[in-house]
Number of protein chains: 6
Amino acid sequence: MTHHGETHVIDASQVPRFAGVPTFMRLPLASSAEGYDVVFTGIPYDGGTTNRSGARHGPREMRNASSMMRQVNANGIAPYQSLNVADIGDCPVNPFNVTECLDMITAHYAAIAAAGAVPITAGGDHLVSLPILRGLAAERPVGLIHFDSHTDTGDAYFGKNRYTHGTPFRRAVEEGLIDSSRTLQIGLRGSLYSPTDYDFAREAGFRLILMDEAVDLGPDGIIRAIRERVGDGPVYVSFDIDCLDPSVAPGTGTPEAGGFLMREAQKMVRGLNGLDIIGADVVEVSPPFDVGGITSLAGATMMFELLCAVAAGEKA
Amino acid sequence: MTHHGETHVIDASQVPRFAGVPTFMRLPLASSAEGYDVVFTGIPYDGGTTNRSGARHGPREMRNASSMMRQVNANGIAPYQSLNVADIGDCPVNPFNVTECLDMITAHYAAIAAAGAVPITAGGDHLVSLPILRGLAAERPVGLIHFDSHTDTGDAYFGKNRYTHGTPFRRAVEEGLIDSSRTLQIGLRGSLYSPTDYDFAREAGFRLILMDEAVDLGPDGIIRAIRERVGDGPVYVSFDIDCLDPSVAPGTGTPEAGGFLMREAQKMVRGLNGLDIIGADVVEVSPPFDVGGITSLAGATMMFELLCAVAAGEKA
Amino acid sequence: MTHHGETHVIDASQVPRFAGVPTFMRLPLASSAEGYDVVFTGIPYDGGTTNRSGARHGPREMRNASSMMRQVNANGIAPYQSLNVADIGDCPVNPFNVTECLDMITAHYAAIAAAGAVPITAGGDHLVSLPILRGLAAERPVGLIHFDSHTDTGDAYFGKNRYTHGTPFRRAVEEGLIDSSRTLQIGLRGSLYSPTDYDFAREAGFRLILMDEAVDLGPDGIIRAIRERVGDGPVYVSFDIDCLDPSVAPGTGTPEAGGFLMREAQKMVRGLNGLDIIGADVVEVSPPFDVGGITSLAGATMMFELLCAVAAGEKA
Amino acid sequence: MTHHGETHVIDASQVPRFAGVPTFMRLPLASSAEGYDVVFTGIPYDGGTTNRSGARHGPREMRNASSMMRQVNANGIAPYQSLNVADIGDCPVNPFNVTECLDMITAHYAAIAAAGAVPITAGGDHLVSLPILRGLAAERPVGLIHFDSHTDTGDAYFGKNRYTHGTPFRRAVEEGLIDSSRTLQIGLRGSLYSPTDYDFAREAGFRLILMDEAVDLGPDGIIRAIRERVGDGPVYVSFDIDCLDPSVAPGTGTPEAGGFLMREAQKMVRGLNGLDIIGADVVEVSPPFDVGGITSLAGATMMFELLCAVAAGEKA
Amino acid sequence: MTHHGETHVIDASQVPRFAGVPTFMRLPLASSAEGYDVVFTGIPYDGGTTNRSGARHGPREMRNASSMMRQVNANGIAPYQSLNVADIGDCPVNPFNVTECLDMITAHYAAIAAAGAVPITAGGDHLVSLPILRGLAAERPVGLIHFDSHTDTGDAYFGKNRYTHGTPFRRAVEEGLIDSSRTLQIGLRGSLYSPTDYDFAREAGFRLILMDEAVDLGPDGIIRAIRERVGDGPVYVSFDIDCLDPSVAPGTGTPEAGGFLMREAQKMVRGLNGLDIIGADVVEVSPPFDVGGITSLAGATMMFELLCAVAAGEKA
Amino acid sequence: MTHHGETHVIDASQVPRFAGVPTFMRLPLASSAEGYDVVFTGIPYDGGTTNRSGARHGPREMRNASSMMRQVNANGIAPYQSLNVADIGDCPVNPFNVTECLDMITAHYAAIAAAGAVPITAGGDHLVSLPILRGLAAERPVGLIHFDSHTDTGDAYFGKNRYTHGTPFRRAVEEGLIDSSRTLQIGLRGSLYSPTDYDFAREAGFRLILMDEAVDLGPDGIIRAIRERVGDGPVYVSFDIDCLDPSVAPGTGTPEAGGFLMREAQKMVRGLNGLDIIGADVVEVSPPFDVGGITSLAGATMMFELLCAVAAGEKA
C-alpha cells in the first residue's frame, strides 16, 4: 500500500517488465480512491454471460499485460505528469448472487465517485457497466460512448433473467442512468435474434453506428459524430473488446466477424481528448479463449489510452 | 431421431471418425430414453463453479472426442451386443437460475428413471450430481462411488450459497439420497481450506481414500475396497475428471497435483463390472482450459468404460 | 431427423449456444434435401491436399462454431423467414480412393440438385469443388465467383496426379462445367511456382483480380466487377478461406500473407444479393492449424452470409 | 554434405542447441548411407491414416526436437564413439499415389541395406513400416518388436483399401517379411472394432502383451519376454508413439488412454541392448496435434535411445 | 504493504481465487523479511540459460497459479497457524550483467537471512541458486537436497562462461557453500555431453540418484536416503522443475524424458518434514513453453509443499 | 554443401513442402557466401532483449516456415532466374558474452561483404543490426530504411548497458555506420518512457513516420517518402516484425497495438525495387510467443519479398 495520492510508475528501462507483482500499469496498489485523480480497478465477475464465460479472469490478465505500457502515449500525452493514479485492486464480488453482486459493485463505484476519482475498470462481462453507472450516475444521467458489436439492450434471457451481459443498457435507460440523446453505440454488427433487435435502442434515441457505416466514416468521422453528440456534458465510455475483430481480440465470449482494427480503436479513443469523462471500462476480455495474450494486451492498451484521454481532458 | 430401442453405432472402419454430426459414441440421437437400456446425455451447466468455469462446454467436446471410441473395450466387453443405447441430447438448463436449473435436471433424470434406462452423463460441473441423484434416488438412498480430488461436502461458498460444485454431496446426505455406509470417495488430495474439511464426510461415515492410500492400495486394492463397501445394492458412480493428474486432465476448473493416471482410472472402473450401477457421470471437463483435447478424450474414454461396466453388470 | 421441409432454428436467447449436438446454424438434421430450399452439408475430405492437411475436420468444427450465428444478418436479411433450410449431414467419402470419392460427391450433389435445393458446403479441401460442380452443373456451364489466394488451375502435382486441391478449376474448364467468360478469381497473391502460373486462367478468359487490384478496388469495386461479369445467369460461389489474411484465418493448409479482412469478405458476399446462386462452398478450413477457433468461426460466418445472399436472391 | 563415413555431432556446450539447420541429432547431412553404420532418415508420408493425419510433418519436427539430445545416454552408452552415423535426409514420397510411394520407400531402404547401414526412421504413419520391411527383410523374415496400442493387423478400411496405417503387419505376415514366432506386440489397449480384432495376430502366432499385462510385468518383465522370444536373430523395432499415454504423447493420430510413461518406454528400449537390430522406426508423431512439442521430443528421445541400443549391440 | 509479521491468507471460499492482485499464495505483500518466519520471493532472471530461456517469467506465473493453493496440505499441515509468512516481492535483477546480478541476489538473501527468515524462492533459471547460497550459507557450508535431471556441475559453456544454469553447484562446491558429504542429486537422467559429466559430482562426494535408481527406490526409499545423508544439520532444497517428466512440466528450458510424477515429487518433499531447512527454491519454470499453465501450477504446488515442510520442521 | 554459386530451389509441386531438412526457401546449404549474389543467414541471438526473449529461435522457425515460399512473387519477380542464392547457415554466436558476440557477427558479415554477396538475415533481436552494419558499412555510412514500432535509439538500459535491442541505431549513428540524412523510421507508435524518447532520432536528422502518419500516407505515400529520401546510394533495410500489428505478428518480444497489416508491409517492400540494397534483416520474431506459426510465416514472407526487391534492383 502506498500513501494516498502518490503516483510512481515503475520505469521499464530500469526494472524489467517481467519483474514484480503485476498491478495495472505497474502503479502503486492503494487501498481506496481517496487522494487520487484516476483509479484503475477490476471487476472479476462474469455471471451475466450467456455463452462463453471467462471474463472473470479479465482483470488479472489485463494487469499482467499492462506491464507493457510505458508512460507517454504515441500522441505525447503523459498522464502521470498531471494526474495522481493508482490501482485500487478488485471490487468485491459474489459469483453466485447477481443481486448482491450488483449492489457490491454499485457501492464500490459510489465510493470512488465520492472520493472524486475517475475510475477506469477492467471487467468482467458487460453486465458490470450497469452497477458502475448506478454508482457514478446516481445523480444525473450521463452520456454514453459505447464501442461494441452488440447493443446490449435486450430485455431478458433464458426466461425472465433481466440482469445479463446482453441487457445492461436497456436497464440503464429504464433507470435513468444514461441520457439517450447523448448516447452512441459504435461498431454494431453481430447477427440478430430478430429483425427488431435494434428497435429499443433506436426508439430510445441512441445514435447507432453499424459497422458498415463505421468503415465508411473512418475513425475521424466517428470522432466527429461522437463529439457532436455528447458535447461538453459528463460522459461514460464503455469499450467492449468484441468491437474489435476476432483476429485482433479472439479472447472474448461472443466474437463477431468483421470488427475494428486496433489502430482504429486507438484513434477513436484518442479523439475523446477533452471530453468530460467520468469513468470508463474495458469489458468482455476472456483469457481462457485468448491466444498468445493478444486480447489481454489489447485490453490493457485501451485502458492506457482511456487514461490518456482522461488526462487530456484534465488539461483542457 | 431414431425409432426408440434401435442401437446402431457407426463403424469407424467404414465411415471415418471425422465425418458426421458428433453424437456420443456415434450413437443414434433419440428424443427420449424410452426403449433404451442405457442413455448418454449431457448437462451443459457450470453455474456452481467457484473458480474457473467452462464445464458448460463439456458435453459438446466429449461428444466430439467420443468418435474415437470403437465398439469393444480392451477387456473384451461389447456393450452394444447386449444393450440398446442412444444419445438423448442435452438436458435443458437455465444458466442464470440455479433453483430452476436444479429442477429441470431432476425432471430430466426422473423421466430417464421412469423409462427404466441407466443414464451416463457428461457434465457440467459437479453440482449436477445432486439433481441427478434427486431424479434417480428419490425412492431410496443409493451407494456412491466417487472419484475426485475433493470431497465436495462443503456447506456454503461466498456467503450462504449452498448449491455449488463444492457442496453436492453434503446436500445429498442431508436429503437422504445417498447411503453413507455404502459411499466411498477416492483420490482425495487437494489442499484444504481448514483442517476440518474432511470432518463432515468422516462423520457421515464415508470411506475416504486419500491419494497416498490410493497409491499404496493400487487399482486392485481400491476395487476390493469398493466392492466390499457397496455390495450388491444400487450404486451411483460419479467421476470427477480432476481425480486425474493435471498432466492427464489439464482441462478442468480445479486441477490438483498428484492424481491418478488414466490406466489406473480405467482399471478401477473396469473393476466395477457386475455392480448394480443405476447411473454414472463424468463431470468437470472444462474445454477452455484443455490442451490438445486430451481431457475431453479422457472424459469420453471414461464414459465408454462406464458403459462397459454397466454392460458387464447386465450380463452378470 | 425432422420431417422434410421443416425449418426451426434454435433460439440462443432461450437455449444457450453451448447446448446440444451441433448442427449447422443449429438447424434440424434432415436425411435428404427433399423439401428444402437450401441445405447445408459437409465434405470431410482432404485427400487432394499438397501440403498441410486437416480440412477433413472442417465440417465438424464449422458446425461447432456455427452455433454463434443468430437468425438475421447485419443487413437485416432473415433467411429463415423465406427459406426452408436444413443440415443434411456429411457427404459420404472414401479417404483412400480419390476416384471413388469424387463419384460419391458428384452423386450427393446431383441428388441435391434433383431435389431443387441450393447446397452450401463446408469442405474439405478445394478439390471438392470439382465434383460439386459435376453434380450441379452437369447440364450447362455456370458462372464462378472464386475467392482465393491461388487460382487452383494447376495441371498436375507430384507426377501425374491431376485431381488435387491445386487443380479443380482447370479440370472444371476442361469438363465444361464453368463458363470462363462468367468467371472471376478474387484475391490472388500467393507466390508462384513459375511465371506462367496464371497463363491457363488468363487464356481461358477468367477475370483475375490480384490482391493489389482488390485493395485498390475495395469491396464496392469488386462487387461491381462481379455483377458486371456474371450477370443474371446461374453462378456458383467458392470461398477458399485462404483468401483471408493468415491473421484472420490461420487454420488453413496454404496460408498466404496479405489477404482480405473479414469485414471486406462479408461486404463482398453481401454484394452478391440477387444473383442466381446455385450453390456455394467454404473450403480449406483446417482445424488442426487453427488458433482459438477463429478460422472455424470465420468459415461458419461466411456460410451464414452465403445463406443470406441466397435468401436475398430468392426475394429478388 | 559431408564425406561419407564422417561422424561429427555438434556439441551443445559449444554451439547452442537453437543454432543451425536442424538435422537429426545435429549430425552431418549425407547424401546416401554409404560408409555409415547407422543412418537416420525420415518418411514424410501419412497417406495411410484413417483418422487424424499430420504424421507427414513428423520427420521435420523430430529433427527440430532432436537438438535436445546430447552424446551419451543415461546408461553411459556413447554411440558416436563406436559408430559412424549420419542423417541422410528424407525418403522421396508421393502423397497422392500409395502404390508408387510404397515402391519409393522400398527402394530407399533396399539401398540402405545394400550399403550395410542400419536405418532409424522417423515416420510418417505406420504404413511406412511395411515398405521399410520390404526393403530390409527381402531375403528372410525378421523378428519384430512392436510397441503400439493397436495391432495394425486389420485387413482393409473404407472398402477394399488394404494399404493403410491399420494394416501393415497383416501385409508383412502375408508377404513373409516377419517371423511371427519372433514377433511381439506390446502395449495393446485401444478399443476394438469387433471382438475378433486380435484373432489374426493370435492365429499368426504373435506374442500379444496387452496393457494390463504390460503394467503387471513392468519394464523388466517385458524385456525378459522380448529377449526370450526374439533370441539372437535379426529383429526390427517399430515404435508407434501412441503406445505412450496421451498425456505423454498427445500429438498422434489415434491416441488411446492408458499407455506407457516415457521412463517405461526408455527402460524397455534400453533392454534391447545386444540384440541384432537391423532397423527401427518411430512413427505416428503428428505435430499438428502436439502441444508444447512434447510428442516430438518424446519421438526424438526414442530415436536416440534406439541408436544407443544399436550401438550396444555393436559392442556386444 | 502490511505491517511486518502479519499473516493473513485470503480464503478462497470467501473471495474467489480469480480476484485480486496475485501474490504468492494470496499472502500479504511485505517490503522486507523483517518479522516473518518464512518469506516467498521471486528472482526473474534467466541470463544463465544455455538453450530455451523464459524462466524470467517464472515468478509472475507461479504467483498467478499459487492462488489455487489453500491453507492446509493433504497431510494436514497448516503452515499459517504456526508461521508468519509473506510475499516480499521480487529480488532486483539486471538482465544484462551477470556479475552485478549475482551480487544483487546475494545481497537480497543476506538481508533475508539477517532477518531470520527462511526464503522460498521462485526462479529464474538454476544459476540463481548460487547467489542464494552465497547469501544464506556464507558462514558455513550447508547440506543440499537437489531434485533435477541434470547435475548442474559443468565448468563452463560457450567458451569460458563459468556462471550459467549448468554450473551453479560446481561453483558452490568451489566456494565452500555446500557440504558435499551432505548433498544429494535426485532424478538425474538427461543425456550427457561426455561420459565424464558425472565425474565432478562423484569426486566431490555427492550422492547421485539416477532416475533408474529413483524408480527402484520409490519415494519412500529416496526419503530414507535423504534423511540418512543430510541428518540434523542445516540444509537447502533446490527443486528444478525439470526433474518432473515433460508431460507433467513441459514449460521448462531443458525438458528430459522419463522424469518424476507430481505425486512422487510431493511425497518426497513431504518426507523432508522435520529437517532444518534454511531455504528452498523452485527453478526453471519457463512460462513461454508451458501448456495450459500446468508447469506453473506444479511449481506453485511445490512451493506450498516446501512451506509445509518448513512448517513441519518448526513444529518438530 | 553445394558447389558455390549453384542455385537450385526445390519445387514444391514435385517435392512436398513438408519434406526434407528446412533451409531458407529450400535453397542449397552452402558453407560460405563465395560465389553467391545473395545469401540467407540467421543470427540466433537475443541477448539484447529487455523483456520477452525468444528471438534466438527465430532463424530456425523462419527457415521452417519459408518452405511455403515458391519461386516468383505476386509482382512477377523471379529472383532465382537472375541471382545465385544460398542459405549459408547461422552466424556463430556466444549467448553469454555480448562483446564477443558482436565481434563474431561483425566478422561474419565482413566476410559476406568481401565475397560480394548481399546478406538477408533472420534475427535474432534487433541488437544484431548493429554488428551487421559494422560488417557491411565499415567503409562508408549507408542509408537506412527501418520498419519498427520503436526507434531503437535509446542510450542504455538497466544501468549502463549500451548494447541492447533498444539501442542499436544510436550506436550506429555514433559509429558513423548510417547516414542520418538518408534514414527513415516507419511505423513508430509504442508508448514512450519519456516525452523525449524521439529527440535523439529527430536531432540526428532521421525522417520519422509515426503510425498515424503512416496510415494517412498509405503504402504508396510511404514508398515515395522512402525513395525521395534514400535516393540512389547504398541502403540497408531493417524490418522489425513488431512494426506489424500484434494480431498479425503476436510472436515478438515487444508487441505494440495498432501496427501494419501484412499487405501493407508487402507493398512497401515491393516499392523498394531498384534501390541499391546492400543487405536486409527481419528481426524480433520470437517463436515461443507465436501462435499457429503466423509470425514465422510473416517473417519468412518478408525475407522472400526482400530477396525479390534485391533481385529487382539487380535488373534495374
# chains A, B, ... in the order shown; residues from 1 in each chain; ligands from 1
$ interface_residues --of "chain D" --to "chain B" --cutoff "8 Å" --atoms "only C-alpha atoms" --output "list of chain:residue names"
D:Thr50, D:Asn51, D:Arg52, D:Tyr157, D:Phe158, D:Gly159, D:Arg189, D:Gly190, D:Ser191, D:Leu192, D:Tyr193, D:Ser194, D:Pro195, D:Pro246, D:Ser247, D:Pro250, D:Gly251, D:Thr254, D:Ala257, D:Gly258, D:Gly259, D:Phe289, D:Asp290, D:Val291
$ residues_around --residues "A:Asn161" --least-positions-apart "6" --cutoff "9 Å" --atoms "only C-alpha atoms" --output "list in words"
Asp155 of chain A; Phe96 and Asn97 of chain B
$ write_last_selection --atoms "N, CA, C and O atoms" --output "mmCIF file, in the first residue's frame"
data_model
loop_
_atom_site.group_PDB
_atom_site.id
_atom_site.type_symbol
_atom_site.label_atom_id
_atom_site.label_comp_id
_atom_site.auth_asym_id
_atom_site.auth_seq_id
_atom_site.Cartn_x
_atom_site.Cartn_y
_atom_site.Cartn_z
ATOM 1 N N ASP A 155 -33.916 -7.565 -23.430
ATOM 2 C CA ASP A 155 -34.770 -7.419 -22.247
ATOM 3 C C ASP A 155 -34.531 -8.534 -21.233
ATOM 4 O O ASP A 155 -34.389 -8.287 -20.040
ATOM 5 N N PHE B 96 -28.844 -19.013 -15.626
ATOM 6 C CA PHE B 96 -28.948 -17.867 -14.720
ATOM 7 C C PHE B 96 -29.794 -18.143 -13.472
ATOM 8 O O PHE B 96 -29.984 -17.248 -12.658
ATOM 9 N N ASN B 97 -30.316 -19.351 -13.360
ATOM 10 C CA ASN B 97 -31.217 -19.589 -12.233
ATOM 11 C C ASN B 97 -30.961 -20.979 -11.696
ATOM 12 O O ASN B 97 -31.457 -21.969 -12.227
#
$ select_by_dssp --residues "stretch 23-238 of chain A" --states "alpha helix (DSSP H)" --output "PyMOL selection string"
chain A and resi 58-65+79-82+98-114+129-136+168-174+199-204+211-230
$ residues_around --residues "stretch 101-112 of chain D" --least-positions-apart "6" --cutoff "9 Å" --atoms "only C-alpha atoms" --output "number ranges by chain"
D: 32-34, 39, 43, 45, 91-95, 118-119, 127-128, 130-138
$ residues_around --residues "C:Pro79" --least-positions-apart "6" --cutoff "9 Å" --atoms "only C-alpha atoms" --output "list in words"
Gln71, Val72, Asn73, Val85, Leu307, Cys308, Ala309, Val310, Ala311 and Ala312 of chain C
$ residues_around --residues "D:Pro234" --least-positions-apart "6" --cutoff "9 Å" --atoms "only C-alpha atoms" --output "ChimeraX atom specification"
/D:141-144,275-278
$ select_by_dssp --residues "stretch 93-134 of chain C" --states "strand (DSSP E)" --output "PyMOL selection string"
chain C and resi 118-123
$ write_last_selection --atoms "N, CA, C and O atoms" --output "PDB file, in the first residue's frame"
ATOM      1  N   VAL C 118     -30.598 -25.599 -52.993  1.00  0.00           N
ATOM      2  CA  VAL C 118     -29.289 -24.974 -53.169  1.00  0.00           C
ATOM      3  C   VAL C 118     -28.383 -25.457 -52.040  1.00  0.00           C
ATOM      4  O   VAL C 118     -28.689 -25.261 -50.863  1.00  0.00           O
ATOM      5  N   PRO C 119     -27.251 -26.085 -52.359  1.00  0.00           N
ATOM      6  CA  PRO C 119     -26.351 -26.569 -51.310  1.00  0.00           C
ATOM      7  C   PRO C 119     -25.309 -25.519 -50.925  1.00  0.00           C
ATOM      8  O   PRO C 119     -24.717 -24.868 -51.781  1.00  0.00           O
ATOM      9  N   ILE C 120     -25.121 -25.389 -49.614  1.00  0.00           N
ATOM     10  CA  ILE C 120     -23.996 -24.599 -49.102  1.00  0.00           C
ATOM     11  C   ILE C 120     -23.113 -25.569 -48.333  1.00  0.00           C
ATOM     12  O   ILE C 120     -23.542 -26.193 -47.364  1.00  0.00           O
ATOM     13  N   THR C 121     -21.864 -25.679 -48.811  1.00  0.00           N
ATOM     14  CA  THR C 121     -20.996 -26.775 -48.394  1.00  0.00           C
ATOM     15  C   THR C 121     -19.855 -26.298 -47.499  1.00  0.00           C
ATOM     16  O   THR C 121     -19.245 -25.268 -47.760  1.00  0.00           O
ATOM     17  N   ALA C 122     -19.554 -27.105 -46.480  1.00  0.00           N
ATOM     18  CA  ALA C 122     -18.332 -26.917 -45.717  1.00  0.00           C
ATOM     19  C   ALA C 122     -17.333 -27.976 -46.146  1.00  0.00           C
ATOM     20  O   ALA C 122     -17.585 -29.173 -45.955  1.00  0.00           O
ATOM     21  N   GLY C 123     -16.200 -27.532 -46.754  1.00  0.00           N
ATOM     22  CA  GLY C 123     -15.149 -28.505 -47.105  1.00  0.00           C
ATOM     23  C   GLY C 123     -14.377 -28.828 -45.879  1.00  0.00           C
ATOM     24  O   GLY C 123     -14.644 -28.305 -44.796  1.00  0.00           O
TER      25      GLY C 123
END
$ closest_residue --among "F:Arg162, F:Ser67, F:Asp216, F:Gly48" --to "F:Val21" --atoms "only C-alpha atoms"
F:Ser67
$ residues_around --residues "F:Gly253" --least-positions-apart "4" --cutoff "10 Å" --atoms "only C-alpha atoms" --output "PyMOL selection string"
chain F and resi 46+49-55+125+241-242+284-290
$ residues_around --residues "A:Arg202" --least-positions-apart "5" --cutoff "12 Å" --atoms "only C-alpha atoms" --output "mmCIF file with N, CA, C and O atoms, in the first residue's frame"
data_model
loop_
_atom_site.group_PDB
_atom_site.id
_atom_site.type_symbol
_atom_site.label_atom_id
_atom_site.label_comp_id
_atom_site.auth_asym_id
_atom_site.auth_seq_id
_atom_site.Cartn_x
_atom_site.Cartn_y
_atom_site.Cartn_z
ATOM 1 N N THR A 151 -25.747 -4.259 -29.182
ATOM 2 C CA THR A 151 -26.318 -3.114 -28.464
ATOM 3 C C THR A 151 -26.436 -3.373 -26.962
ATOM 4 O O THR A 151 -26.515 -2.445 -26.172
ATOM 5 N N THR A 153 -28.959 -4.250 -25.390
ATOM 6 C CA THR A 153 -30.220 -3.669 -24.933
ATOM 7 C C THR A 153 -31.348 -4.689 -24.998
ATOM 8 O O THR A 153 -32.509 -4.341 -25.203
ATOM 9 N N ARG A 170 -30.371 -1.409 -21.652
ATOM 10 C CA ARG A 170 -31.817 -1.234 -21.521
ATOM 11 C C ARG A 170 -32.139 -0.892 -20.062
ATOM 12 O O ARG A 170 -32.887 0.046 -19.783
ATOM 13 N N SER A 180 -30.122 9.172 -23.335
ATOM 14 C CA SER A 180 -30.168 8.551 -24.659
ATOM 15 C C SER A 180 -29.786 9.520 -25.763
ATOM 16 O O SER A 180 -29.199 9.125 -26.770
ATOM 17 N N SER A 181 -30.091 10.785 -25.567
ATOM 18 C CA SER A 181 -29.796 11.754 -26.624
ATOM 19 C C SER A 181 -28.296 12.037 -26.713
ATOM 20 O O SER A 181 -27.825 12.638 -27.657
ATOM 21 N N THR A 183 -26.064 9.432 -26.320
ATOM 22 C CA THR A 183 -25.527 8.070 -26.332
ATOM 23 C C THR A 183 -25.258 7.621 -27.758
ATOM 24 O O THR A 183 -26.084 7.830 -28.645
ATOM 25 N N LEU A 184 -24.096 6.990 -27.944
ATOM 26 C CA LEU A 184 -23.780 6.379 -29.239
ATOM 27 C C LEU A 184 -23.370 4.932 -29.021
ATOM 28 O O LEU A 184 -22.712 4.615 -28.024
ATOM 29 N N GLN A 185 -23.705 4.094 -29.991
ATOM 30 C CA GLN A 185 -23.217 2.713 -29.997
ATOM 31 C C GLN A 185 -22.495 2.501 -31.317
ATOM 32 O O GLN A 185 -23.085 2.703 -32.386
ATOM 33 N N THR A 196 -36.116 -7.103 -35.012
ATOM 34 C CA THR A 196 -36.469 -5.993 -34.129
ATOM 35 C C THR A 196 -35.404 -5.707 -33.073
ATOM 36 O O THR A 196 -35.616 -4.865 -32.193
ATOM 37 N N ASP A 197 -34.279 -6.374 -33.148
ATOM 38 C CA ASP A 197 -33.283 -6.237 -32.078
ATOM 39 C C ASP A 197 -32.825 -4.796 -31.852
ATOM 40 O O ASP A 197 -32.454 -4.429 -30.741
ATOM 41 N N ARG A 207 -27.752 7.003 -30.975
ATOM 42 C CA ARG A 207 -27.156 7.065 -32.312
ATOM 43 C C ARG A 207 -26.449 5.738 -32.536
ATOM 44 O O ARG A 207 -25.491 5.408 -31.816
ATOM 45 N N LEU A 208 -26.924 4.954 -33.502
ATOM 46 C CA LEU A 208 -26.302 3.664 -33.799
ATOM 47 C C LEU A 208 -25.384 3.807 -35.007
ATOM 48 O O LEU A 208 -25.815 4.292 -36.047
ATOM 49 N N ILE A 209 -24.157 3.385 -34.841
ATOM 50 C CA ILE A 209 -23.220 3.369 -35.973
ATOM 51 C C ILE A 209 -22.883 1.917 -36.262
ATOM 52 O O ILE A 209 -22.032 1.319 -35.599
#
$ decode --residues "stretch 146-152 of chain B" --atoms "all heavy atoms" --output "PDB file, in the first residue's frame"
ATOM      1  N   HIS B 146     -17.297 -42.411  -5.661  1.00  0.00           N
ATOM      2  CA  HIS B 146     -16.994 -41.032  -6.032  1.00  0.00           C
ATOM      3  C   HIS B 146     -15.482 -40.864  -6.203  1.00  0.00           C
ATOM      4  O   HIS B 146     -14.734 -40.881  -5.232  1.00  0.00           O
ATOM      5  CB  HIS B 146     -17.537 -40.117  -4.918  1.00  0.00           C
ATOM      6  CG  HIS B 146     -17.217 -38.671  -5.088  1.00  0.00           C
ATOM      7  ND1 HIS B 146     -17.209 -37.779  -4.053  1.00  0.00           N
ATOM      8  CD2 HIS B 146     -16.888 -37.942  -6.188  1.00  0.00           C
ATOM      9  CE1 HIS B 146     -16.878 -36.579  -4.488  1.00  0.00           C
ATOM     10  NE2 HIS B 146     -16.691 -36.646  -5.771  1.00  0.00           N
ATOM     11  N   PHE B 147     -15.067 -40.679  -7.457  1.00  0.00           N
ATOM     12  CA  PHE B 147     -13.656 -40.422  -7.761  1.00  0.00           C
ATOM     13  C   PHE B 147     -13.444 -38.916  -7.847  1.00  0.00           C
ATOM     14  O   PHE B 147     -14.093 -38.248  -8.655  1.00  0.00           O
ATOM     15  CB  PHE B 147     -13.275 -41.064  -9.096  1.00  0.00           C
ATOM     16  CG  PHE B 147     -13.427 -42.544  -9.134  1.00  0.00           C
ATOM     17  CD1 PHE B 147     -14.588 -43.145  -9.605  1.00  0.00           C
ATOM     18  CD2 PHE B 147     -12.404 -43.368  -8.672  1.00  0.00           C
ATOM     19  CE1 PHE B 147     -14.732 -44.525  -9.631  1.00  0.00           C
ATOM     20  CE2 PHE B 147     -12.535 -44.754  -8.697  1.00  0.00           C
ATOM     21  CZ  PHE B 147     -13.702 -45.332  -9.179  1.00  0.00           C
ATOM     22  N   ASP B 148     -12.539 -38.387  -7.054  1.00  0.00           N
ATOM     23  CA  ASP B 148     -12.408 -36.927  -7.003  1.00  0.00           C
ATOM     24  C   ASP B 148     -11.156 -36.581  -6.196  1.00  0.00           C
ATOM     25  O   ASP B 148     -10.677 -37.362  -5.379  1.00  0.00           O
ATOM     26  CB  ASP B 148     -13.643 -36.336  -6.297  1.00  0.00           C
ATOM     27  CG  ASP B 148     -13.947 -34.888  -6.687  1.00  0.00           C
ATOM     28  OD1 ASP B 148     -13.017 -34.141  -7.019  1.00  0.00           O
ATOM     29  OD2 ASP B 148     -15.133 -34.525  -6.659  1.00  0.00           O
ATOM     30  N   SER B 149     -10.635 -35.375  -6.427  1.00  0.00           N
ATOM     31  CA  SER B 149      -9.579 -34.901  -5.532  1.00  0.00           C
ATOM     32  C   SER B 149     -10.144 -34.075  -4.381  1.00  0.00           C
ATOM     33  O   SER B 149      -9.387 -33.648  -3.510  1.00  0.00           O
ATOM     34  CB  SER B 149      -8.529 -34.097  -6.309  1.00  0.00           C
ATOM     35  OG  SER B 149      -9.100 -32.983  -6.914  1.00  0.00           O
ATOM     36  N   HIS B 150     -11.455 -33.858  -4.399  1.00  0.00           N
ATOM     37  CA  HIS B 150     -12.112 -33.090  -3.338  1.00  0.00           C
ATOM     38  C   HIS B 150     -13.334 -33.873  -2.851  1.00  0.00           C
ATOM     39  O   HIS B 150     -13.950 -34.604  -3.629  1.00  0.00           O
ATOM     40  CB  HIS B 150     -12.596 -31.742  -3.873  1.00  0.00           C
ATOM     41  CG  HIS B 150     -11.608 -31.021  -4.719  1.00  0.00           C
ATOM     42  ND1 HIS B 150     -11.581 -31.142  -6.097  1.00  0.00           N
ATOM     43  CD2 HIS B 150     -10.606 -30.175  -4.396  1.00  0.00           C
ATOM     44  CE1 HIS B 150     -10.595 -30.392  -6.583  1.00  0.00           C
ATOM     45  NE2 HIS B 150      -9.981 -29.800  -5.582  1.00  0.00           N
ATOM     46  N   THR B 151     -13.726 -33.640  -1.604  1.00  0.00           N
ATOM     47  CA  THR B 151     -14.903 -34.351  -1.095  1.00  0.00           C
ATOM     48  C   THR B 151     -16.205 -33.733  -1.589  1.00  0.00           C
ATOM     49  O   THR B 151     -17.243 -34.377  -1.579  1.00  0.00           O
ATOM     50  CB  THR B 151     -14.939 -34.333   0.445  1.00  0.00           C
ATOM     51  OG1 THR B 151     -15.035 -32.964   0.877  1.00  0.00           O
ATOM     52  CG2 THR B 151     -13.688 -34.968   1.033  1.00  0.00           C
ATOM     53  N   ASP B 152     -16.165 -32.454  -1.963  1.00  0.00           N
ATOM     54  CA  ASP B 152     -17.391 -31.763  -2.397  1.00  0.00           C
ATOM     55  C   ASP B 152     -18.486 -31.848  -1.341  1.00  0.00           C
ATOM     56  O   ASP B 152     -19.676 -31.974  -1.653  1.00  0.00           O
ATOM     57  CB  ASP B 152     -17.896 -32.311  -3.740  1.00  0.00           C
ATOM     58  CG  ASP B 152     -16.931 -31.994  -4.884  1.00  0.00           C
ATOM     59  OD1 ASP B 152     -15.923 -31.287  -4.651  1.00  0.00           O
ATOM     60  OD2 ASP B 152     -17.176 -32.458  -6.004  1.00  0.00           O
TER      61      ASP B 152
END
